[in-house]
Each structure stands twice: as C-alpha cells, then as structure tokens.
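As structure tokens, the structure follows; a few thoughts come after it.
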Amino acid sequence: MIRTELKRGTAELAVLSVLEEGSLHGYEIGRRIEEQSGGALRYTLAALYPLLYRMEHRGWLRGEWETGSSGKRRRCYRLLPKGRKMLKPMRAEWEDLFRALRRLAKVRHA
Amino acid sequence: MPDWRANVREQLGALRLEPAEAEEILDELAGHLEECYDALLARGVPEEEAFARACEQAGSWKKLRRGVTSAKREGIMQKRVKQFWMPALVTLLAGWGLLTLLILSGVQPVMWYLGDPPTPIYLIFYWPWLVLLPLIGAAGGYMSRKARASGWRVYLVGSFPALAMACVFLVILPWSLVVDAHVVRDFAWLGLTAMTFSWVILPGIALCIGVVLEGLRKAKAA
C-alpha cells in the first residue's frame, strides 16, 4: 500500500488521466483510479473532493449535474482544454522523477 | 437502505458556505457513498459491512469538511477577483488614464458657470472623455460577463471609475472640512453638487450606457 504522503502528489495526474477517457462522476473517478492502478491508488472523499473543486476553479475541469438512466442526479466532471494541456507536462514531470529515482535508489519498473 | 444524505449532514456538520452550495456538496458526497454502498451490496457484501466500508471511504470527516470548505472558499475568492476586481481595475485605469491623456494632449474642458457663492462654481465637461467612456464601460462589462458575472456586479465593474471618484470625494471632503479652515468657511452645497455631477454622475451614466449596450449586443448575439 502506498503511503498517503506519497499519494498526495499523484492525485492531480490520476484524476486528469481518468477524465481524459471521458466525463465521469466522483465515485467513478475514484473507482477507475483504483482499478487502473491495480488497487495501489485509492483516494478517500477527503482527498478526492477538495481536489476536484480546486481543479474546477482552476478551469481544468467542469462539473455539471446530470440525471442518469436510473433517475439519480450525479455531478459529472469533464476535462476542459486547460486541464488537457496540463497532462503532457505533468506526465513528463513524473517521468523525470521516476528516472531520477531509478538512478538514485535503484528503483525498478518506475 | 441508509439515508446517506442525513448521514453525511450529521457527520460533516454545518458547512460555512452559501446554503445552496452546501446542499450541492451534501448531495454529491451522499451520492458517492450511496454508489459505493450499492456496489458493495451487488458484490454480496452484507448490509452492515457494506455500510461500514462505505463510511470508511469518507476518510476523516473533519479533514473532509475542512478540505471542501477551503477549496470552495478559494474558488469564491478567485471568482471574485476574475469577475470583479480585475475588470474593475482595468476599467478604472482605462477611464482615468484616458482622461489624463486627453488633458496632456491639450483638450480643454467645457465649463458652465453656475454662481459665485462664495467662490465661483462650475460644471466641468470633458466631452471627448464623456463620449469615449461608454466604450470603457462596455469593455468592463464584457470582461466581467466573460468571467460569468451577472446583474449588479457587471454594472459596478462598468461604472467603477465613477464609483472610485465618489469614494475619493467621500474621503477627501470630510478630511478637508476637518483640517482646512478655508474649506469650512467657503463650503457650498452647490459646489459639491456640481463636482459630483461633473465627476461622478455624468461619467457614471456614460459608463453604464456602455454596459447596457454591451449587454444588448451579447443578448443579440446569443
């Protein structure tokens, strides 16, 4: 299990990456992150929602209420062009970090 | 079936936000926990365990309340800056910058003599400035509306140079009355009215005309 301190910095990239596939509501964002990271990244509501609201204010995402086929109202988040633009440099930054860690601490498969 | 909304409300307590916004947050968080609970039930997890595991998803309720409130407040501040302060500052600088340029380029005001009690009182009109002010008001209105502001906020932004001048009068006049004996002796309501009309009311009207015209243009385009 990855420690909270380590996970904290990953949340922005994780959210942007899953939203790149299409618009999702909060629960689905959390579920996909967990699923696609093989269960390594799991965010509580206390970590996920403040982040979603901040990213929304920065203009990276837009949240809109939608009524699903079940009749339930859910707030769906959609990636905005500004958020999409953030993905590339963010990925490059993480790759640099992994490369540095590989050199420094012999971390494999990073 | 647990009442997730009531549960979230109880755990989070009162959020120090606009009531409508706080209700939306409750709806969203309750929806998240409900989906989590339903998914666990669908996987065959017993109700009691599903409830406990869904609640675990919240993490620390205290941290959630603090995080959500501060994220939303941060957003409100950013919104205020984008919708109000930035366009207002631009309008203010453009309005008074333009007047400065006109004065420096030698434009003379038209002055209407009103009376002599006890010092001469004039209405002062910089016509070229007044004619151009609707453009500046329209620019302020456009910037504010573009940042999704509406109603009175847009008008405050558009007429900000006139409002700022009104504030200057409100500060300077009482101060002058206190510190300068000449002002007390020569004070005339007619003079104050003339000054307010020349520098606040007339420019304010010109700026608001710009805001209205820009609003009509936007409504027509939509």
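Residues are named by chain letter and number: chains run A, B, ... in the order of the structure tokens, numbers start at 1 in each chain, and ligands are numbered from 1 in the order shown.
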
*Assign secondary structure with DSSP using the backbone only, and return the residues of range 6-110 of chain A in alpha helix (DSSP H) as JSON, numbers by chain.*
{"A": [6, 7, 8, 11, 12, 13, 14, 15, 16, 17, 18, 19, 26, 27, 28, 29, 30, 31, 32, 33, 34, 35, 36, 45, 46, 47, 48, 49, 50, 51, 52, 53, 54, 55, 56, 57, 81, 82, 83, 84, 85, 86, 87, 88, 89, 90, 91, 92, 93, 94, 95, 96, 97, 98, 99, 100, 101, 102, 103, 104, 105]}

Export, as a PDB file, in the first residue's frame, the selected residues with C-alpha atoms.
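For reference, result.pdb as written:
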ATOM      1  CA  LEU A   6       3.466   9.715  -1.427  1.00  0.00           C
ATOM      2  CA  LYS A   7      -0.026   9.517  -2.906  1.00  0.00           C
ATOM      3  CA  ARG A   8      -0.787  13.183  -2.312  1.00  0.00           C
ATOM      4  CA  ALA A  11      -3.832  12.754  -7.307  1.00  0.00           C
ATOM      5  CA  GLU A  12      -3.912  15.531  -9.912  1.00  0.00           C
ATOM      6  CA  LEU A  13      -2.333  13.361 -12.586  1.00  0.00           C
ATOM      7  CA  ALA A  14      -4.547  10.406 -11.651  1.00  0.00           C
ATOM      8  CA  VAL A  15      -7.756  12.456 -11.909  1.00  0.00           C
ATOM      9  CA  LEU A  16      -6.759  14.126 -15.179  1.00  0.00           C
ATOM     10  CA  SER A  17      -5.732  10.770 -16.670  1.00  0.00           C
ATOM     11  CA  VAL A  18      -9.039   9.023 -15.982  1.00  0.00           C
ATOM     12  CA  LEU A  19     -11.022  12.038 -17.151  1.00  0.00           C
ATOM     13  CA  GLY A  26     -16.846  11.428  -8.372  1.00  0.00           C
ATOM     14  CA  TYR A  27     -17.415   7.790  -7.414  1.00  0.00           C
ATOM     15  CA  GLU A  28     -16.490   6.585 -10.885  1.00  0.00           C
ATOM     16  CA  ILE A  29     -13.314   8.711 -10.876  1.00  0.00           C
ATOM     17  CA  GLY A  30     -12.223   7.090  -7.609  1.00  0.00           C
ATOM     18  CA  ARG A  31     -13.178   3.602  -8.805  1.00  0.00           C
ATOM     19  CA  ARG A  32     -11.314   3.905 -12.116  1.00  0.00           C
ATOM     20  CA  ILE A  33      -8.177   5.239 -10.438  1.00  0.00           C
ATOM     21  CA  GLU A  34      -8.223   2.309  -8.055  1.00  0.00           C
ATOM     22  CA  GLU A  35      -8.910  -0.188 -10.832  1.00  0.00           C
ATOM     23  CA  GLN A  36      -6.348   1.183 -13.285  1.00  0.00           C
ATOM     24  CA  LEU A  45     -13.565  11.525  -0.203  1.00  0.00           C
ATOM     25  CA  ALA A  46     -11.481  13.859   1.974  1.00  0.00           C
ATOM     26  CA  ALA A  47      -8.686  13.681  -0.591  1.00  0.00           C
ATOM     27  CA  LEU A  48     -10.710  13.489  -3.782  1.00  0.00           C
ATOM     28  CA  TYR A  49     -13.414  16.162  -3.491  1.00  0.00           C
ATOM     29  CA  PRO A  50     -11.352  19.149  -2.324  1.00  0.00           C
ATOM     30  CA  LEU A  51      -9.015  18.330  -5.210  1.00  0.00           C
ATOM     31  CA  LEU A  52     -11.877  18.142  -7.733  1.00  0.00           C
ATOM     32  CA  TYR A  53     -13.234  21.502  -6.529  1.00  0.00           C
ATOM     33  CA  ARG A  54      -9.792  23.108  -6.762  1.00  0.00           C
ATOM     34  CA  MET A  55      -9.202  21.750 -10.256  1.00  0.00           C
ATOM     35  CA  GLU A  56     -12.622  23.049 -11.240  1.00  0.00           C
ATOM     36  CA  HIS A  57     -11.781  26.557 -10.007  1.00  0.00           C
ATOM     37  CA  PRO A  81      -8.855  22.150 -22.716  1.00  0.00           C
ATOM     38  CA  LYS A  82      -6.821  23.839 -19.969  1.00  0.00           C
ATOM     39  CA  GLY A  83      -6.773  20.582 -17.990  1.00  0.00           C
ATOM     40  CA  ARG A  84      -5.898  18.533 -21.065  1.00  0.00           C
ATOM     41  CA  LYS A  85      -2.992  20.893 -21.682  1.00  0.00           C
ATOM     42  CA  MET A  86      -1.709  20.207 -18.152  1.00  0.00           C
ATOM     43  CA  LEU A  87      -1.477  16.456 -18.736  1.00  0.00           C
ATOM     44  CA  LYS A  88       1.574  16.421 -21.002  1.00  0.00           C
ATOM     45  CA  PRO A  89       3.925  18.476 -18.789  1.00  0.00           C
ATOM     46  CA  MET A  90       2.635  16.670 -15.715  1.00  0.00           C
ATOM     47  CA  ARG A  91       3.417  13.271 -17.248  1.00  0.00           C
ATOM     48  CA  ALA A  92       6.858  14.491 -18.307  1.00  0.00           C
ATOM     49  CA  GLU A  93       7.498  15.723 -14.782  1.00  0.00           C
ATOM     50  CA  TRP A  94       6.602  12.348 -13.285  1.00  0.00           C
ATOM     51  CA  GLU A  95       8.776  10.533 -15.820  1.00  0.00           C
ATOM     52  CA  ASP A  96      11.700  12.763 -14.833  1.00  0.00           C
ATOM     53  CA  LEU A  97      11.047  11.945 -11.193  1.00  0.00           C
ATOM     54  CA  PHE A  98      10.934   8.195 -11.862  1.00  0.00           C
ATOM     55  CA  ARG A  99      14.152   8.368 -13.906  1.00  0.00           C
ATOM     56  CA  ALA A 100      15.844  10.261 -11.099  1.00  0.00           C
ATOM     57  CA  LEU A 101      14.620   7.722  -8.529  1.00  0.00           C
ATOM     58  CA  ARG A 102      15.844   4.848 -10.687  1.00  0.00           C
ATOM     59  CA  ARG A 103      19.297   6.381 -10.807  1.00  0.00           C
ATOM     60  CA  LEU A 104      19.335   7.339  -7.160  1.00  0.00           C
ATOM     61  CA  ALA A 105      17.696   4.482  -5.337  1.00  0.00           C
TER      62      ALA A 105
END

Up to 12 Å from chain A, what residues of chain B turn up? Count only C-alpha atoms and give them as a PDB file with C-alpha atoms, in the first residue's frame.
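Contents of selection-v6.pdb, as written:
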ATOM      1  CA  VAL B   8     -23.319  12.999   5.571  1.00  0.00           C
ATOM      2  CA  LEU B  12     -19.985  16.962   8.270  1.00  0.00           C
ATOM      3  CA  GLU B  21     -23.595  25.387  -2.382  1.00  0.00           C
ATOM      4  CA  GLU B  24     -24.974  20.602  -3.533  1.00  0.00           C
ATOM      5  CA  ILE B  25     -21.902  19.318  -1.732  1.00  0.00           C
ATOM      6  CA  LEU B  26     -24.076  17.190   0.570  1.00  0.00           C
ATOM      7  CA  ASP B  27     -25.886  15.769  -2.461  1.00  0.00           C
ATOM      8  CA  GLU B  28     -22.648  14.946  -4.218  1.00  0.00           C
ATOM      9  CA  LEU B  29     -20.946  13.289  -1.246  1.00  0.00           C
ATOM     10  CA  ALA B  30     -24.085  11.370  -0.301  1.00  0.00           C
ATOM     11  CA  GLY B  31     -24.393  10.190  -3.917  1.00  0.00           C
ATOM     12  CA  HIS B  32     -20.799   8.970  -3.842  1.00  0.00           C
ATOM     13  CA  LEU B  33     -21.282   6.970  -0.643  1.00  0.00           C
ATOM     14  CA  GLU B  34     -24.580   5.556  -1.874  1.00  0.00           C
ATOM     15  CA  GLU B  35     -22.956   4.314  -5.080  1.00  0.00           C
ATOM     16  CA  CYS B  36     -20.162   2.759  -3.079  1.00  0.00           C
ATOM     17  CA  TYR B  37     -22.669   1.060  -0.764  1.00  0.00           C
ATOM     18  CA  ASP B  38     -24.755  -0.234  -3.697  1.00  0.00           C
ATOM     19  CA  ALA B  39     -21.627  -1.607  -5.409  1.00  0.00           C
ATOM     20  CA  ARG B  53     -16.948   0.103   4.382  1.00  0.00           C
ATOM     21  CA  ALA B  54     -18.754   2.873   2.516  1.00  0.00           C
ATOM     22  CA  CYS B  55     -18.323   5.174   5.541  1.00  0.00           C
ATOM     23  CA  GLU B  56     -14.614   4.347   5.582  1.00  0.00           C
ATOM     24  CA  GLN B  57     -14.429   5.819   2.071  1.00  0.00           C
ATOM     25  CA  ALA B  58     -15.039   9.267   3.516  1.00  0.00           C
ATOM     26  CA  GLY B  59     -11.717   9.205   5.363  1.00  0.00           C
ATOM     27  CA  SER B  60     -11.610  11.743   8.168  1.00  0.00           C
ATOM     28  CA  TRP B  61     -14.873  13.715   8.266  1.00  0.00           C
ATOM     29  CA  LYS B  62     -13.075  16.611   9.910  1.00  0.00           C
ATOM     30  CA  LYS B  63     -10.488  16.673   7.122  1.00  0.00           C
ATOM     31  CA  LEU B  64     -13.241  16.384   4.526  1.00  0.00           C
ATOM     32  CA  ARG B  65     -15.164  19.334   5.990  1.00  0.00           C
ATOM     33  CA  ARG B  66     -12.017  21.456   6.193  1.00  0.00           C
ATOM     34  CA  GLY B  67     -10.838  20.486   2.713  1.00  0.00           C
ATOM     35  CA  VAL B  68     -14.158  21.048   0.990  1.00  0.00           C
ATOM     36  CA  THR B  69     -14.758  24.385   2.725  1.00  0.00           C
ATOM     37  CA  SER B  70     -11.308  25.751   1.981  1.00  0.00           C
ATOM     38  CA  ALA B  71     -11.391  24.550  -1.654  1.00  0.00           C
ATOM     39  CA  LYS B  72     -14.769  26.176  -2.209  1.00  0.00           C
ATOM     40  CA  ARG B  73     -13.760  29.409  -0.460  1.00  0.00           C
ATOM     41  CA  GLU B  74     -10.591  29.570  -2.538  1.00  0.00           C
ATOM     42  CA  GLY B  75     -12.834  29.291  -5.577  1.00  0.00           C
ATOM     43  CA  ILE B  76     -15.084  32.078  -4.358  1.00  0.00           C
ATOM     44  CA  MET B  77     -12.066  34.362  -3.907  1.00  0.00           C
ATOM     45  CA  GLN B  78     -10.738  33.519  -7.375  1.00  0.00           C
ATOM     46  CA  LYS B  79     -14.184  34.115  -8.833  1.00  0.00           C
ATOM     47  CA  ARG B  80     -14.446  37.491  -7.127  1.00  0.00           C
ATOM     48  CA  LYS B  82     -11.911  37.394 -12.013  1.00  0.00           C
ATOM     49  CA  ALA B 147     -15.947  35.709 -16.298  1.00  0.00           C
TER      50      ALA B 147
END

*Kindly indicate which residue among A:Ser37, A:Ser23, A:Thr4, A:Thr10 lies nearest to Leu79 in chain A, using only C-alpha atoms for the distances.*
A:Ser23

*Work out how far apart CA of Tyr122 in chain B and CA of Gly137 in chain B are and give it in Å to one decimal.*
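Taking CA of Tyr122 in chain B as the start and CA of Gly137 in chain B as the end point, the length is 25.7 Å.
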
*Smallest atom-to-atom distance to Arg62 in chain A: which of A:Arg3, A:Gly9, A:Tyr77, A:Ala40, using only C-alpha atoms?*
A:Tyr77

*Fewer than 4 positions away in the same chain doesn't count, so skip those; otherwise give me all residues within 12 Å of Met1 in chain B, counting only C-alpha atoms, as JSON, numbers by chain.*
{"B": [5, 7, 34, 37, 38, 41, 47, 48, 50, 51]}

*Just how far from CA of Gly59 in chain A is CA of Arg9 in chain B, in Å to one decimal?*
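Distance reported for this atom pair: 28.2 Å.
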
*Do you have the CA of Pro19 in chain B-CA of Val81 in chain B distance handy?*
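Distance reported for this atom pair: 21.7 Å.
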
_Neighbouring residues of Trp96 in chain B were defined as those with any atom within 10 Å, considering only C-alpha atoms; residues of the same chain fewer than 3 positions away were excluded. Please report them as a list of chain:residue names._
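Close residues of Trp96 in chain B: B:Thr91, B:Leu92, B:Leu93, B:Leu99, B:Thr100, B:Leu101, B:Leu102, B:Trp129, B:Leu133, B:Pro161, B:Ala162, B:Met165.
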
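For chain A, backbone-based DSSP labels the following residues as strand (DSSP E or B): A:Leu24, A:His25, A:Leu61, A:Arg62, A:Gly63, A:Glu64, A:Trp65, A:Glu66, A:Thr67, A:Arg73, A:Arg74, A:Arg75, A:Cys76, A:Tyr77, A:Arg78, A:Leu79.
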
Selection to disk with N, CA and C atoms, as a PDB file, in the first residue's frame:
ATOM      1  N   LEU A  24     -16.883  11.763 -16.077  1.00  0.00           N
ATOM      2  CA  LEU A  24     -17.181  10.791 -15.014  1.00  0.00           C
ATOM      3  C   LEU A  24     -17.649  11.513 -13.762  1.00  0.00           C
ATOM      4  N   HIS A  25     -18.418  10.831 -12.928  1.00  0.00           N
ATOM      5  CA  HIS A  25     -18.781  11.419 -11.640  1.00  0.00           C
ATOM      6  C   HIS A  25     -17.794  10.971 -10.569  1.00  0.00           C
ATOM      7  N   LEU A  61     -11.309  21.434 -15.038  1.00  0.00           N
ATOM      8  CA  LEU A  61     -12.490  20.564 -15.165  1.00  0.00           C
ATOM      9  C   LEU A  61     -13.747  21.393 -15.094  1.00  0.00           C
ATOM     10  N   ARG A  62     -14.838  20.782 -15.535  1.00  0.00           N
ATOM     11  CA  ARG A  62     -16.133  21.405 -15.272  1.00  0.00           C
ATOM     12  C   ARG A  62     -17.073  20.317 -14.744  1.00  0.00           C
ATOM     13  N   GLY A  63     -17.701  20.639 -13.616  1.00  0.00           N
ATOM     14  CA  GLY A  63     -18.664  19.693 -13.031  1.00  0.00           C
ATOM     15  C   GLY A  63     -20.071  20.141 -13.337  1.00  0.00           C
ATOM     16  N   GLU A  64     -20.891  19.231 -13.829  1.00  0.00           N
ATOM     17  CA  GLU A  64     -22.292  19.570 -14.141  1.00  0.00           C
ATOM     18  C   GLU A  64     -23.209  18.453 -13.678  1.00  0.00           C
ATOM     19  N   TRP A  65     -24.363  18.847 -13.124  1.00  0.00           N
ATOM     20  CA  TRP A  65     -25.313  17.850 -12.650  1.00  0.00           C
ATOM     21  C   TRP A  65     -26.000  17.190 -13.835  1.00  0.00           C
ATOM     22  N   GLU A  66     -26.046  15.867 -13.787  1.00  0.00           N
ATOM     23  CA  GLU A  66     -26.725  15.112 -14.850  1.00  0.00           C
ATOM     24  C   GLU A  66     -27.617  14.070 -14.212  1.00  0.00           C
ATOM     25  N   THR A  67     -28.717  13.760 -14.883  1.00  0.00           N
ATOM     26  CA  THR A  67     -29.589  12.702 -14.364  1.00  0.00           C
ATOM     27  C   THR A  67     -29.343  11.432 -15.178  1.00  0.00           C
ATOM     28  N   ARG A  73     -29.431  11.850  -9.700  1.00  0.00           N
ATOM     29  CA  ARG A  73     -28.679  13.032 -10.119  1.00  0.00           C
ATOM     30  C   ARG A  73     -27.237  12.874  -9.667  1.00  0.00           C
ATOM     31  N   ARG A  74     -26.325  13.064 -10.610  1.00  0.00           N
ATOM     32  CA  ARG A  74     -24.916  12.951 -10.256  1.00  0.00           C
ATOM     33  C   ARG A  74     -24.136  14.094 -10.889  1.00  0.00           C
ATOM     34  N   ARG A  75     -23.095  14.520 -10.192  1.00  0.00           N
ATOM     35  CA  ARG A  75     -22.306  15.620 -10.736  1.00  0.00           C
ATOM     36  C   ARG A  75     -21.167  15.023 -11.553  1.00  0.00           C
ATOM     37  N   CYS A  76     -21.213  15.234 -12.856  1.00  0.00           N
ATOM     38  CA  CYS A  76     -20.203  14.653 -13.738  1.00  0.00           C
ATOM     39  C   CYS A  76     -19.130  15.679 -14.058  1.00  0.00           C
ATOM     40  N   TYR A  77     -17.892  15.232 -14.043  1.00  0.00           N
ATOM     41  CA  TYR A  77     -16.757  16.109 -14.321  1.00  0.00           C
ATOM     42  C   TYR A  77     -16.219  15.827 -15.720  1.00  0.00           C
ATOM     43  N   ARG A  78     -15.979  16.923 -16.419  1.00  0.00           N
ATOM     44  CA  ARG A  78     -15.481  16.822 -17.790  1.00  0.00           C
ATOM     45  C   ARG A  78     -14.159  17.576 -17.855  1.00  0.00           C
ATOM     46  N   LEU A  79     -13.207  16.985 -18.574  1.00  0.00           N
ATOM     47  CA  LEU A  79     -11.899  17.631 -18.719  1.00  0.00           C
ATOM     48  C   LEU A  79     -12.023  18.809 -19.682  1.00  0.00           C
TER      49      LEU A  79
END
